[in-house]
file final_30.cif (mmCIF, C-alpha atoms)
data_structure
loop_
_atom_site.label_atom_id
_atom_site.label_comp_id
_atom_site.auth_asym_id
_atom_site.auth_seq_id
_atom_site.Cartn_x
_atom_site.Cartn_y
_atom_site.Cartn_z
CA MET A 141 9.71 0.28 -23.91
CA LEU A 142 9.18 -3.01 -22.08
CA HIS A 143 12.95 -3.46 -21.77
CA VAL A 144 13.24 -0.03 -20.17
CA VAL A 145 10.51 -0.85 -17.65
CA LEU A 146 12.18 -4.17 -16.78
CA ALA A 147 15.58 -2.50 -16.40
CA ILE A 148 14.20 0.19 -14.11
CA SER A 149 12.37 -2.46 -12.06
CA ALA A 150 15.60 -4.46 -11.69
CA VAL A 151 17.54 -1.38 -10.53
CA VAL A 152 14.85 -0.46 -8.02
CA PHE A 153 14.77 -4.04 -6.74
CA LEU A 154 18.56 -4.10 -6.32
CA ILE A 155 18.57 -0.77 -4.48
CA THR A 156 15.79 -2.03 -2.21
CA ILE A 157 17.78 -5.17 -1.34
CA ILE A 158 20.87 -3.08 -0.52
CA LEU A 159 18.88 -0.73 1.71
CA VAL A 160 17.23 -3.66 3.51
CA VAL A 161 20.65 -5.23 4.21
CA ILE A 162 21.97 -1.92 5.57
CA LEU A 163 18.87 -1.53 7.73
CA ILE A 164 19.14 -5.07 9.09
CA ARG A 165 22.79 -4.57 10.02
CA HIS A 166 22.03 -1.26 11.70
CA HIS A 167 19.15 -2.64 13.79
CA ALA A 168 20.95 -5.89 14.56
CA GLY A 169 23.85 -3.95 16.06
CA GLY A 170 21.53 -1.86 18.24
CA ALA A 171 19.54 -4.92 19.31
CA ALA A 172 22.68 -6.82 20.29
CA GLY A 173 23.72 -3.89 22.47
CA ALA A 174 20.32 -3.74 24.15
CA MET A 175 20.54 -7.47 24.95
CA ALA A 176 24.16 -7.38 26.14
CA GLU A 177 23.39 -7.26 29.89
CA LEU A 178 20.91 -10.11 29.65
CA ALA A 179 23.27 -12.16 27.48
CA GLU A 180 26.02 -11.77 30.07
CA ALA A 181 23.71 -12.75 32.94
CA THR A 182 22.38 -15.84 31.17
CA ARG A 183 25.67 -16.67 29.41
CA LEU A 184 23.79 -17.04 26.15
CA THR A 185 24.46 -15.47 22.75
CA PRO A 186 21.77 -13.31 21.07
CA ARG A 187 20.77 -14.39 17.57
CA GLY A 188 18.91 -12.55 14.81
CA ARG A 189 15.33 -13.68 14.14
CA GLY A 190 12.21 -12.69 12.30
CA ARG A 191 10.91 -9.92 10.10
CA ASP A 192 10.99 -7.44 13.02
CA LEU A 193 14.80 -7.60 13.02
CA ALA A 194 14.61 -8.95 16.58
CA MET A 195 17.52 -10.38 18.52
CA THR A 196 16.64 -13.39 20.64
CA ILE A 197 18.12 -15.25 23.56
CA ALA A 198 16.81 -18.74 24.29
CA GLY A 199 17.62 -21.15 27.10
CA ARG A 200 16.59 -21.91 30.68
CA ARG A 201 16.64 -19.74 33.79
CA ASP A 202 15.75 -20.98 37.26
CA GLY A 203 14.56 -24.19 35.59
CA ILE A 204 12.10 -22.37 33.30
CA PRO A 205 12.58 -22.65 29.51
CA PHE A 206 12.33 -19.29 27.78
CA SER A 207 13.08 -17.20 24.75
CA CYS A 208 13.51 -13.43 24.93
CA ALA A 209 13.21 -11.29 21.80
CA TYR A 210 14.11 -7.62 21.48
CA ARG A 211 12.08 -5.35 19.16
CA PRO A 212 14.10 -2.38 17.87
CA PRO A 213 12.47 1.06 17.92
CA ASN A 214 10.55 2.19 14.88
CA LYS A 215 9.45 5.66 13.84
CA ASN A 216 6.37 5.73 16.06
CA VAL A 217 6.90 2.51 18.03
CA PRO A 218 9.16 2.35 21.10
CA PRO A 219 11.52 -0.58 21.63
CA ALA A 220 10.23 -3.56 23.58
CA PHE A 221 11.18 -7.05 24.63
CA THR A 222 9.05 -10.19 24.71
CA VAL A 223 9.59 -13.10 27.07
CA THR A 224 8.03 -16.37 25.92
CA ILE A 225 7.61 -19.67 27.75
CA PRO A 226 7.45 -22.21 24.88
CA LYS A 227 4.57 -24.28 26.25
CA ASN A 228 1.05 -24.38 24.85
CA ALA A 229 -1.20 -23.09 27.62
CA GLY A 230 -4.35 -24.48 25.95
CA LEU A 231 -6.00 -21.23 24.80
CA VAL A 232 -5.05 -18.82 22.01
CA PHE A 233 -5.67 -15.20 23.00
CA THR A 234 -4.08 -11.76 23.19
CA LEU A 235 -4.70 -9.29 25.99
CA ARG A 236 -3.96 -5.66 25.11
CA ARG A 237 -5.19 -2.15 25.77
CA LYS A 238 -8.35 -1.18 23.94
CA ASN A 239 -8.00 1.41 21.21
CA PHE A 240 -10.48 3.73 19.53
CA TYR A 241 -11.24 1.25 16.75
CA ASP A 242 -12.10 -1.48 19.28
CA ARG A 243 -14.48 0.85 21.13
CA LEU A 244 -16.06 2.12 17.92
CA CYS A 245 -16.75 -1.37 16.55
CA ALA A 246 -18.10 -2.56 19.92
CA GLY A 247 -20.37 0.49 20.10
CA LEU A 248 -21.71 -0.22 16.61
CA GLY A 249 -22.27 -3.87 17.46
CA LEU A 250 -19.70 -5.09 14.92
CA THR A 251 -17.83 -7.15 17.48
CA ARG A 252 -18.66 -8.85 20.76
CA PRO A 253 -15.82 -8.41 23.26
CA VAL A 254 -15.11 -10.80 26.12
CA ILE A 255 -17.18 -9.76 29.14
CA THR A 256 -15.62 -10.51 32.52
CA GLY A 257 -18.20 -8.64 34.60
CA ASP A 258 -15.59 -6.13 35.78
CA ARG A 259 -16.67 -2.91 34.06
CA HIS A 260 -13.37 -1.13 34.65
CA PHE A 261 -11.36 -4.06 33.27
CA ASP A 262 -13.65 -4.57 30.28
CA GLN A 263 -13.43 -0.88 29.35
CA ARG A 264 -9.64 -0.88 29.43
CA PHE A 265 -8.73 -4.19 27.79
CA GLN A 266 -9.40 -6.01 24.55
CA ILE A 267 -9.11 -9.81 24.56
CA ASP A 268 -8.65 -11.17 21.04
CA THR A 269 -9.64 -14.83 20.87
CA ALA A 270 -11.68 -17.39 18.96
CA HIS A 271 -13.08 -18.80 22.23
CA PRO A 272 -14.61 -15.99 24.31
CA GLY A 273 -16.21 -18.45 26.77
CA SER A 274 -12.87 -19.97 27.75
CA ALA A 275 -11.25 -16.53 27.87
CA SER A 276 -13.92 -15.22 30.23
CA ARG A 277 -13.13 -18.09 32.61
CA VAL A 278 -9.41 -17.24 32.50
CA PHE A 279 -10.13 -13.65 33.56
CA ALA A 280 -13.01 -14.42 35.93
CA ASP A 281 -10.91 -14.11 39.09
CA ALA A 282 -10.87 -10.58 40.57
CA GLN A 283 -7.31 -10.92 41.92
CA THR A 284 -6.06 -11.98 38.49
CA ARG A 285 -7.69 -8.96 36.85
CA GLN A 286 -6.25 -6.62 39.49
CA TRP A 287 -2.81 -8.12 38.99
CA LEU A 288 -3.07 -7.60 35.22
CA MET A 289 -4.27 -3.99 35.56
CA GLU A 290 -1.31 -3.18 37.81
CA MET A 291 1.02 -4.85 35.33
CA PHE A 292 -0.38 -2.85 32.40
CA ASP A 293 -0.23 0.35 34.43
CA GLY A 294 3.51 -0.18 34.20
CA ALA A 295 5.37 -1.06 31.02
CA ALA A 296 3.38 -4.13 29.96
CA GLU A 297 2.17 -3.91 26.37
CA ARG A 298 0.67 -7.31 25.58
CA LEU A 299 0.02 -10.71 27.10
CA ALA A 300 -0.41 -13.40 24.47
CA SER A 301 -1.01 -17.13 24.52
CA GLY A 302 -0.59 -19.18 21.37
CA ARG A 303 0.40 -22.57 20.09
CA ASP A 304 4.06 -21.56 20.38
CA GLY A 305 3.78 -20.57 24.03
CA LEU A 306 2.81 -17.86 26.52
CA SER A 307 4.47 -14.47 26.08
CA LEU A 308 4.59 -11.10 27.81
CA THR A 309 5.74 -7.95 25.98
CA ARG A 310 7.08 -4.89 27.82
CA ARG A 311 7.94 -1.48 26.41
CA LEU A 312 11.36 0.09 26.84
CA GLY A 313 12.54 3.66 26.64
CA ARG A 314 14.62 4.89 23.71
CA GLY A 315 18.10 3.49 24.15
CA GLU A 316 17.09 1.53 27.27
CA PRO A 317 18.62 -1.97 27.47
CA VAL A 318 16.78 -5.10 28.57
CA ALA A 319 17.48 -5.14 32.31
CA VAL A 320 17.96 -8.51 33.99
CA ALA A 321 15.51 -7.56 36.77
CA ASP A 322 12.78 -6.70 34.23
CA PHE A 323 13.44 -9.92 32.35
CA ASP A 324 13.23 -12.01 35.54
CA ASP A 325 9.98 -10.27 36.54
CA SER A 326 8.45 -10.93 33.10
CA LEU A 327 9.55 -14.58 33.18
CA ARG A 328 8.05 -15.11 36.64
CA THR A 329 4.83 -13.38 35.60
CA ALA A 330 4.42 -15.56 32.51
CA ALA A 331 5.23 -18.68 34.53
CA ALA A 332 2.65 -17.73 37.19
CA PHE A 333 -0.05 -17.04 34.59
CA TYR A 334 0.44 -20.36 32.80
CA PRO A 335 -1.38 -22.53 35.44
CA ILE A 336 -4.24 -20.00 35.56
CA ILE A 337 -4.94 -20.63 31.88
CA ARG A 338 -4.55 -24.39 32.19
CA LYS A 339 -6.99 -24.45 35.11
CA ALA A 340 -9.61 -22.53 33.11
CA THR A 341 -9.21 -24.53 29.90
CA GLY A 342 -8.88 -28.00 31.40
CA SER A 343 -7.36 -30.70 29.23
CA ARG A 344 -8.29 -29.18 25.85
CA TYR A 345 -5.77 -27.45 23.62
CA ASP A 346 -6.83 -24.62 21.34
CA ASP A 347 -5.60 -25.05 17.77
CA SER A 348 -6.99 -21.77 16.40
CA LEU A 349 -4.83 -19.07 14.83
CA THR A 350 -3.88 -15.87 16.56
CA GLY A 351 -5.34 -12.69 15.15
CA GLY A 352 -2.00 -11.68 13.63
CA ALA A 353 -1.48 -15.07 11.95
CA LEU A 354 -5.03 -15.07 10.58
CA GLN A 355 -4.65 -11.56 9.19
CA THR A 356 -1.36 -12.51 7.54
CA ARG A 357 -2.98 -15.48 5.80
CA LEU A 358 -5.89 -13.35 4.63
CA ALA A 359 -3.67 -10.51 3.47
CA ALA A 360 -1.19 -12.69 1.55
CA PRO A 361 -3.37 -13.42 -1.53
CA LEU A 362 -4.50 -9.79 -1.70
CA LEU A 363 -0.92 -8.53 -1.53
CA VAL A 364 -0.10 -10.86 -4.43
CA LEU A 365 -3.07 -9.66 -6.47
CA MET A 366 -2.14 -5.98 -6.23
CA PRO A 367 1.28 -6.09 -7.93
CA ALA A 368 0.00 -8.72 -10.39
CA GLY A 369 -2.85 -6.43 -11.41
CA PHE A 370 -0.53 -3.43 -11.63
CA ALA A 371 1.90 -5.41 -13.82
CA LEU A 372 -0.93 -6.49 -16.15
CA TRP A 373 -2.07 -2.88 -16.36
CA ILE A 374 1.41 -1.68 -17.39
CA ILE A 375 1.89 -4.48 -19.92
CA ALA A 376 -1.53 -3.77 -21.46
CA ASP A 377 -0.82 -0.04 -21.60
CA ILE A 378 2.46 -0.70 -23.43
CA HIS A 379 1.30 -3.36 -25.90
CA TYR A 380 -2.44 -2.67 -26.23
CA PRO A 381 -2.92 1.09 -25.61
CA PRO A 382 -6.57 2.16 -25.81
CA LEU A 383 -7.54 4.49 -28.65
CA PHE A 384 -9.41 6.89 -26.39
CA PRO A 385 -8.96 7.57 -22.66
CA ALA A 386 -10.49 4.42 -21.22
CA PHE A 387 -9.95 4.53 -17.45
CA ALA A 388 -13.43 5.74 -16.53
CA PRO A 389 -15.34 3.58 -19.07
CA VAL A 390 -13.37 0.45 -18.14
CA ALA A 391 -13.72 1.16 -14.42
CA VAL A 392 -17.50 1.49 -14.82
CA ARG A 393 -17.76 -1.72 -16.84
CA ALA A 394 -15.53 -3.65 -14.43
CA ALA A 395 -17.07 -2.16 -11.26
CA PRO A 396 -19.71 -4.88 -10.77
CA PHE A 397 -17.00 -7.53 -11.01
CA TRP A 398 -14.24 -6.09 -8.81
CA GLY A 399 -16.77 -4.59 -6.41
CA GLY A 400 -18.65 -7.88 -6.19
CA LEU A 401 -15.48 -9.91 -5.62
CA ALA A 402 -14.27 -7.51 -2.93
CA PHE A 403 -17.65 -7.49 -1.17
CA GLY A 404 -17.86 -11.28 -1.37
CA TYR A 405 -14.36 -11.68 0.06
CA ILE A 406 -15.16 -9.34 2.96
CA LEU A 407 -18.48 -11.08 3.60
CA ILE A 408 -16.84 -14.51 3.69
CA ILE A 409 -14.25 -13.25 6.17
CA TRP A 410 -16.97 -11.68 8.31
CA LEU A 411 -19.02 -14.88 8.40
CA THR A 412 -16.11 -17.25 9.01
CA THR A 413 -14.81 -15.14 11.92
CA ARG A 414 -18.17 -14.61 13.61
CA HIS A 415 -17.03 -16.33 16.83
CA ARG A 416 -13.84 -14.30 17.15
CA THR A 417 -13.68 -11.22 19.35
CA ASP A 418 -11.16 -9.68 16.93
CA ARG A 419 -13.34 -10.11 13.85
CA HIS A 420 -13.44 -6.31 13.43
CA ASN A 421 -9.66 -6.27 12.97
CA THR A 422 -9.74 -9.20 10.55
CA ALA A 423 -12.63 -7.86 8.48
CA GLY A 424 -11.17 -4.35 8.62
CA LEU A 425 -7.91 -5.53 7.10
CA ALA A 426 -9.80 -7.50 4.44
CA MET A 427 -11.84 -4.39 3.62
CA LEU A 428 -8.73 -2.21 3.47
CA LEU A 429 -6.93 -4.51 1.01
CA ALA A 430 -9.76 -6.18 -0.93
CA TRP A 431 -11.01 -3.07 -2.74
CA PRO A 432 -7.65 -1.99 -4.24
CA ALA A 433 -6.53 -5.59 -4.83
CA PHE A 434 -9.57 -6.66 -6.83
CA PHE A 435 -9.75 -3.26 -8.54
CA LEU A 436 -6.17 -3.56 -9.80
CA ILE A 437 -6.44 -7.20 -10.89
CA LEU A 438 -9.77 -6.64 -12.70
CA MET A 439 -8.68 -3.39 -14.36
CA GLY A 440 -5.30 -4.80 -15.38
CA GLY A 441 -6.86 -8.08 -16.45
CA PHE A 442 -9.59 -6.32 -18.43
CA ASN A 443 -7.11 -4.22 -20.41
CA PHE A 444 -4.79 -7.17 -20.99
CA VAL A 445 -7.51 -9.58 -22.13
CA ASN A 446 -9.02 -6.87 -24.31
CA GLY A 447 -5.83 -6.72 -26.38
CA PHE A 448 -4.25 -10.13 -25.95
CA MET A 449 -7.33 -12.11 -27.02
CA ASP A 450 -8.40 -9.70 -29.74
CA ILE A 451 -8.79 -11.43 -33.14
CA SER A 452 -10.55 -8.59 -34.93
CA PRO A 453 -9.03 -7.31 -38.20
CA ALA A 454 -6.84 -4.23 -38.08
CA ALA A 455 -8.18 -1.08 -39.76
CA ASP A 456 -6.24 2.02 -40.77
CA GLN A 457 -7.85 5.30 -39.78
CA PRO A 458 -6.60 8.75 -40.79
CA ALA A 459 -6.00 11.29 -38.04
CA VAL A 460 -3.89 14.38 -37.33
CA ILE A 461 -1.52 15.20 -34.50
CA ARG A 462 -3.36 17.27 -31.91
CA GLU A 463 -0.45 17.99 -29.56
CA VAL A 464 2.94 16.77 -28.43
CA TYR A 465 3.52 16.96 -24.68
CA SER A 466 6.07 15.95 -22.08
CA ALA A 467 5.58 12.64 -20.26
CA GLY A 468 8.16 12.22 -17.55
CA LYS A 469 11.85 13.05 -17.75
CA GLY A 470 12.81 13.52 -21.37
CA GLY A 471 9.80 11.57 -22.65
CA LYS A 472 7.34 12.84 -25.20
CA LYS A 473 3.87 11.67 -26.06
CA VAL A 474 1.54 12.44 -28.92
CA ARG A 475 -2.20 12.93 -28.85
CA PHE A 476 -4.27 12.82 -32.04
CA THR A 477 -7.59 14.10 -33.30
CA LEU A 478 -9.75 11.36 -34.81
CA ASP A 479 -13.25 12.17 -36.08
CA GLY A 480 -13.24 15.33 -33.97
CA ARG A 481 -12.30 13.49 -30.75
CA ALA A 482 -9.06 13.65 -28.82
CA THR A 483 -7.37 10.28 -28.47
CA ALA A 484 -5.30 8.98 -25.60
CA GLY A 485 -1.57 9.75 -25.49
CA PHE A 486 0.90 7.52 -27.34
CA SER A 487 4.66 7.25 -27.21
CA ARG A 488 6.44 9.31 -29.84
CA PRO A 489 8.92 7.43 -32.05
CA ARG A 490 12.49 8.71 -32.00
CA SER A 491 12.66 8.75 -35.80
CA GLY A 492 10.39 10.03 -38.51
CA GLY A 493 10.01 13.50 -37.06
CA PRO A 494 9.41 16.32 -36.75
CA TYR A 495 6.12 15.71 -34.99
CA MET A 496 3.99 18.80 -34.72
CA ALA A 497 0.35 19.70 -34.44
CA GLY A 498 -1.57 19.28 -37.69
CA ARG A 499 0.66 16.61 -39.23
CA PRO A 500 -1.40 13.77 -40.74
CA VAL A 501 -0.96 10.25 -39.38
CA VAL A 502 -2.49 6.81 -39.82
CA LEU A 503 -3.65 4.84 -36.79
CA THR A 504 -3.91 1.06 -37.08
CA VAL A 505 -6.88 0.32 -34.83
CA ARG A 506 -8.44 -2.94 -33.63
CA GLU A 507 -11.83 -3.29 -32.00
CA GLY A 508 -10.73 -5.07 -28.83
CA TYR A 509 -11.90 -8.42 -27.49
CA LEU A 510 -13.99 -6.69 -24.80
CA GLY A 511 -15.11 -3.81 -27.00
CA VAL A 512 -12.47 -1.20 -26.14
CA PRO A 513 -10.68 -0.09 -29.34
CA TRP A 514 -6.89 -0.01 -29.12
CA VAL A 515 -4.04 1.12 -31.34
CA GLN A 516 -1.74 -1.53 -32.74
CA GLU A 517 0.61 1.05 -34.27
CA TRP A 518 0.67 4.50 -35.78
CA ARG A 519 2.78 6.19 -38.42
CA ALA A 520 3.15 9.73 -39.68
CA LEU A 521 2.43 10.67 -43.30
CA ARG A 522 4.42 13.11 -45.33
CA ASP A 523 2.91 16.54 -45.55
#

call {"tool": "encode", "arguments": {"input": "final_30.cif", "output": "structure tokens"}}
result
Amino acid sequence: MLHVVLAISAVVFLITIILVVILIRHHAGGAAGAMAELAEATRLTPRGRGRDLAMTIAGRRDGIPFSCAYRPPNKNVPPAFTVTIPKNAGLVFTLRRKNFYDRLCAGLGLTRPVITGDRHFDQRFQIDTAHPGSASRVFADAQTRQWLMEMFDGAAERLASGRDGLSLTRRLGRGEPVAVADFDDSLRTAAAFYPIIRKATGSRYDDSLTGGALQTRLAAPLLVLMPAGFALWIIADIHYPPLFPAFAPVAVRAAPFWGGLAFGYILIIWLTTRHRTDRHNTAGLAMLLAWPAFFLILMGGFNFVNGFMDISPAADQPAVIREVYSAGKGGKKVRFTLDGRATAGFSRPRSGGPYMAGRPVVLTVREGYLGVPWVQEWRALRD
């Protein structure tokens, strides 16, 4: 059974790789076409980059170093391009339109947004940063705020400053190429905003992570835990199947552990991001992933340890077949009656049949290291 699971996993993995390659080639071709006009104007060649299947052009224009990345359209996300000036402006932040989640968390007091004093600006924009005081100085000037509001009334999607530079992202229409005029306007805008940030931050340089980078680091261990827990669960179900349906009892017994770990992880994230204006996004992602991640790893680990570390003696117990039922395509499972109780379902051997209700069997049962009885093997008796 384990060999079948591994073979199916390998086939699925291979198919996934093939589909990803096809998708990358498809998007890369579209991205290269969207960047063709800009590539001709700058006499630079677009190159593939990043997990967003972006095509980038990097070089200098009018004496300003830049990189321009194209984001292909997604199902619900329009295409866009991002112009970046690769110079650390001294403050890590992201300026974007506020969404419902931002407003909800601010209303509940779960986050403290940057306050500029301009009510209209503060209602429209969310500034994600670890240094709200410095950010408020950057956006203190009324002319700067007006300039930004006019820019976002157009196609601007995000203004971001990080350790890798200052970038401006603009949306495009479906099938719309990156126009040279729009690129030049974005480059000039980013170049003009750079000294505004430097003036507000002085000589210091912010070494904090952007919200996206922080969320990626926090999500990575949880995304590893989920498949690891699922794999342990499958292995335990194959090699150490519980005698009786054990999901609910095991979930109840493990609840204090996986619930406590998930709550502790979320609490640590909440406390360590208390100065960030995007702590609601960071804690929200941790909350979204921590519960299933710790649930899977604790449930899978519980079932695996229960069988793998079991040193109790095996005991044969008589039972009878209760029913034979379908389990997936072409698969059959058998459920028994033991001491008047229905057992869990077990794989039916291909030989030794026929298997029908009422046929006597012997179950070789072990107590389980964590107290959940499991079946080492079973065999049918002759009528």

call {"tool": "resolve_selection", "arguments": {"input": "final_30.cif", "expression": "the PyMOL selection byres ((chain A and resi 284-290) around 12)", "output": "compact mmCIF listing (two decimals) with C-alpha atoms, in the frame of the given file"}}
result
# COMPACT_ATOMS: atom_id res chain seq x y z
CA LEU A 235 -4.70 -9.29 25.99
CA ARG A 236 -3.96 -5.66 25.11
CA ARG A 237 -5.19 -2.15 25.77
CA THR A 256 -15.62 -10.51 32.52
CA GLY A 257 -18.20 -8.64 34.60
CA ASP A 258 -15.59 -6.13 35.78
CA ARG A 259 -16.67 -2.91 34.06
CA HIS A 260 -13.37 -1.13 34.65
CA PHE A 261 -11.36 -4.06 33.27
CA ASP A 262 -13.65 -4.57 30.28
CA GLN A 263 -13.43 -0.88 29.35
CA ARG A 264 -9.64 -0.88 29.43
CA PHE A 265 -8.73 -4.19 27.79
CA SER A 276 -13.92 -15.22 30.23
CA ARG A 277 -13.13 -18.09 32.61
CA VAL A 278 -9.41 -17.24 32.50
CA PHE A 279 -10.13 -13.65 33.56
CA ALA A 280 -13.01 -14.42 35.93
CA ASP A 281 -10.91 -14.11 39.09
CA ALA A 282 -10.87 -10.58 40.57
CA GLN A 283 -7.31 -10.92 41.92
CA MET A 291 1.02 -4.85 35.33
CA PHE A 292 -0.38 -2.85 32.40
CA ASP A 293 -0.23 0.35 34.43
CA GLY A 294 3.51 -0.18 34.20
CA ALA A 295 5.37 -1.06 31.02
CA ALA A 296 3.38 -4.13 29.96
CA GLU A 297 2.17 -3.91 26.37
CA ARG A 298 0.67 -7.31 25.58
CA LEU A 299 0.02 -10.71 27.10
CA LEU A 308 4.59 -11.10 27.81
CA THR A 329 4.83 -13.38 35.60
CA ALA A 330 4.42 -15.56 32.51
CA ALA A 332 2.65 -17.73 37.19
CA PHE A 333 -0.05 -17.04 34.59
CA PRO A 335 -1.38 -22.53 35.44
CA ILE A 336 -4.24 -20.00 35.56
CA ILE A 337 -4.94 -20.63 31.88

call {"tool": "atom_distance", "arguments": {"input": "final_30.cif", "atom1": "atom CA of Gly305 of chain A", "atom2": "atom CA of Ser274 of chain A"}}
result
17.1 Å

call {"tool": "residues_around", "arguments": {"input": "final_30.cif", "residues": "Tyr495 of chain A", "least_positions_apart": "3", "cutoff": "9 Å", "atoms": "only C-alpha atoms", "output": "PDB file with C-alpha atoms, in the frame of the given file"}}
result
ATOM      1  CA  ILE A 461      -1.520  15.200 -34.500  1.00  0.00           C
ATOM      2  CA  GLU A 463      -0.450  17.990 -29.560  1.00  0.00           C
ATOM      3  CA  VAL A 464       2.940  16.770 -28.430  1.00  0.00           C
ATOM      4  CA  VAL A 474       1.540  12.440 -28.920  1.00  0.00           C
ATOM      5  CA  ARG A 488       6.440   9.310 -29.840  1.00  0.00           C
ATOM      6  CA  GLY A 492      10.390  10.030 -38.510  1.00  0.00           C
ATOM      7  CA  GLY A 498      -1.570  19.280 -37.690  1.00  0.00           C
ATOM      8  CA  ARG A 499       0.660  16.610 -39.230  1.00  0.00           C
ATOM      9  CA  ALA A 520       3.150   9.730 -39.680  1.00  0.00           C
TER      10      ALA A 520
END

call {"tool": "closest_residue", "arguments": {"input": "final_30.cif", "among": "A:Ala433, A:Leu401, A:Thr309, A:His420", "to": "Ala360 of chain A", "atoms": "only C-alpha atoms"}}
result
A:Ala433

call {"tool": "resolve_selection", "arguments": {"input": "final_30.cif", "expression": "the PyMOL selection byres ((chain A and resi 181) around 12)", "output": "PyMOL selection string"}}
result
chain A and resi 175-180+182-185+197+199-201+318-321+323-324

call {"tool": "resolve_selection", "arguments": {"input": "final_30.cif", "expression": "the PyMOL selection byres ((chain A and resi 478) around 10)", "output": "number ranges by chain"}}
result
A: 383-384, 457-462, 475-477, 479-483, 501-503

call {"tool": "write_last_selection", "arguments": {"input": "final_30.cif", "atoms": "C-alpha atoms", "output": "PDB file, in the coordinates of the input"}}
result
ATOM      1  CA  LEU A 383      -7.540   4.490 -28.650  1.00  0.00           C
ATOM      2  CA  PHE A 384      -9.410   6.890 -26.390  1.00  0.00           C
ATOM      3  CA  GLN A 457      -7.850   5.300 -39.780  1.00  0.00           C
ATOM      4  CA  PRO A 458      -6.600   8.750 -40.790  1.00  0.00           C
ATOM      5  CA  ALA A 459      -6.000  11.290 -38.040  1.00  0.00           C
ATOM      6  CA  VAL A 460      -3.890  14.380 -37.330  1.00  0.00           C
ATOM      7  CA  ILE A 461      -1.520  15.200 -34.500  1.00  0.00           C
ATOM      8  CA  ARG A 462      -3.360  17.270 -31.910  1.00  0.00           C
ATOM      9  CA  ARG A 475      -2.200  12.930 -28.850  1.00  0.00           C
ATOM     10  CA  PHE A 476      -4.270  12.820 -32.040  1.00  0.00           C
ATOM     11  CA  THR A 477      -7.590  14.100 -33.300  1.00  0.00           C
ATOM     12  CA  ASP A 479     -13.250  12.170 -36.080  1.00  0.00           C
ATOM     13  CA  GLY A 480     -13.240  15.330 -33.970  1.00  0.00           C
ATOM     14  CA  ARG A 481     -12.300  13.490 -30.750  1.00  0.00           C
ATOM     15  CA  ALA A 482      -9.060  13.650 -28.820  1.00  0.00           C
ATOM     16  CA  THR A 483      -7.370  10.280 -28.470  1.00  0.00           C
ATOM     17  CA  VAL A 501      -0.960  10.250 -39.380  1.00  0.00           C
ATOM     18  CA  VAL A 502      -2.490   6.810 -39.820  1.00  0.00           C
ATOM     19  CA  LEU A 503      -3.650   4.840 -36.790  1.00  0.00           C
TER      20      LEU A 503
END

call {"tool": "atom_distance", "arguments": {"input": "final_30.cif", "atom1": "atom CA of Gly203 of chain A", "atom2": "atom CA of Arg344 of chain A"}}
result
25.3 Å

call {"tool": "closest_residue", "arguments": {"input": "final_30.cif", "among": "A:Trp410, A:Trp431, A:Phe442, A:Tyr509", "to": "Pro389 of chain A", "atoms": "all atoms listed in the file"}}
result
A:Phe442

call {"tool": "residues_near_point", "arguments": {"input": "final_30.cif", "point": "(15.8, -14.7, 27.2)", "cutoff": "7 Å", "atoms": "only C-alpha atoms", "output": "PyMOL selection string"}}
result
chain A and resi 196-199+206-209+223

call {"tool": "closest_atom_pairs", "arguments": {"input": "final_30.cif", "of": "segment 344-442 of chain A", "to": "segment 238-247 of chain A", "cutoff": "12 Å", "atoms": "only C-alpha atoms", "output": "tab-separated table"}}
result
residue	atom	partner	partner_atom	distance
A:Thr417	CA	A:Ala246	CA	9.7
A:Asp418	CA	A:Asp242	CA	8.6
A:Arg419	CA	A:Cys245	CA	9.8
A:His420	CA	A:Cys245	CA	6.7
A:Asn421	CA	A:Asp242	CA	8.3
A:Thr422	CA	A:Asp242	CA	11.9
A:Ala423	CA	A:Cys245	CA	11.1
A:Gly424	CA	A:Tyr241	CA	9.9

call {"tool": "write_last_selection", "arguments": {"input": "final_30.cif", "atoms": "C-alpha atoms", "output": "short mmCIF file (atom, residue, chain, number, x, y, z; two decimals), in the frame of the given file"}}
result
data_model
loop_
_atom_site.label_atom_id
_atom_site.label_comp_id
_atom_site.auth_asym_id
_atom_site.auth_seq_id
_atom_site.Cartn_x
_atom_site.Cartn_y
_atom_site.Cartn_z
CA THR A 417 -13.68 -11.22 19.35
CA ASP A 418 -11.16 -9.68 16.93
CA ARG A 419 -13.34 -10.11 13.85
CA HIS A 420 -13.44 -6.31 13.43
CA ASN A 421 -9.66 -6.27 12.97
CA THR A 422 -9.74 -9.20 10.55
CA ALA A 423 -12.63 -7.86 8.48
CA GLY A 424 -11.17 -4.35 8.62
#

call {"tool": "residues_around", "arguments": {"input": "final_30.cif", "residues": "Tyr334 of chain A", "least_positions_apart": "2", "cutoff": "12 Å", "atoms": "only C-alpha atoms", "output": "JSON, numbers by chain"}}
result
{"A": [204, 224, 225, 226, 227, 228, 229, 230, 231, 278, 299, 300, 301, 302, 305, 306, 307, 308, 327, 328, 329, 330, 331, 332, 336, 337, 338, 339, 340, 341]}

call {"tool": "atom_distance", "arguments": {"input": "final_30.cif", "atom1": "atom CA of Gln266 of chain A", "atom2": "atom CA of Gly313 of chain A"}}
result
24.1 Å
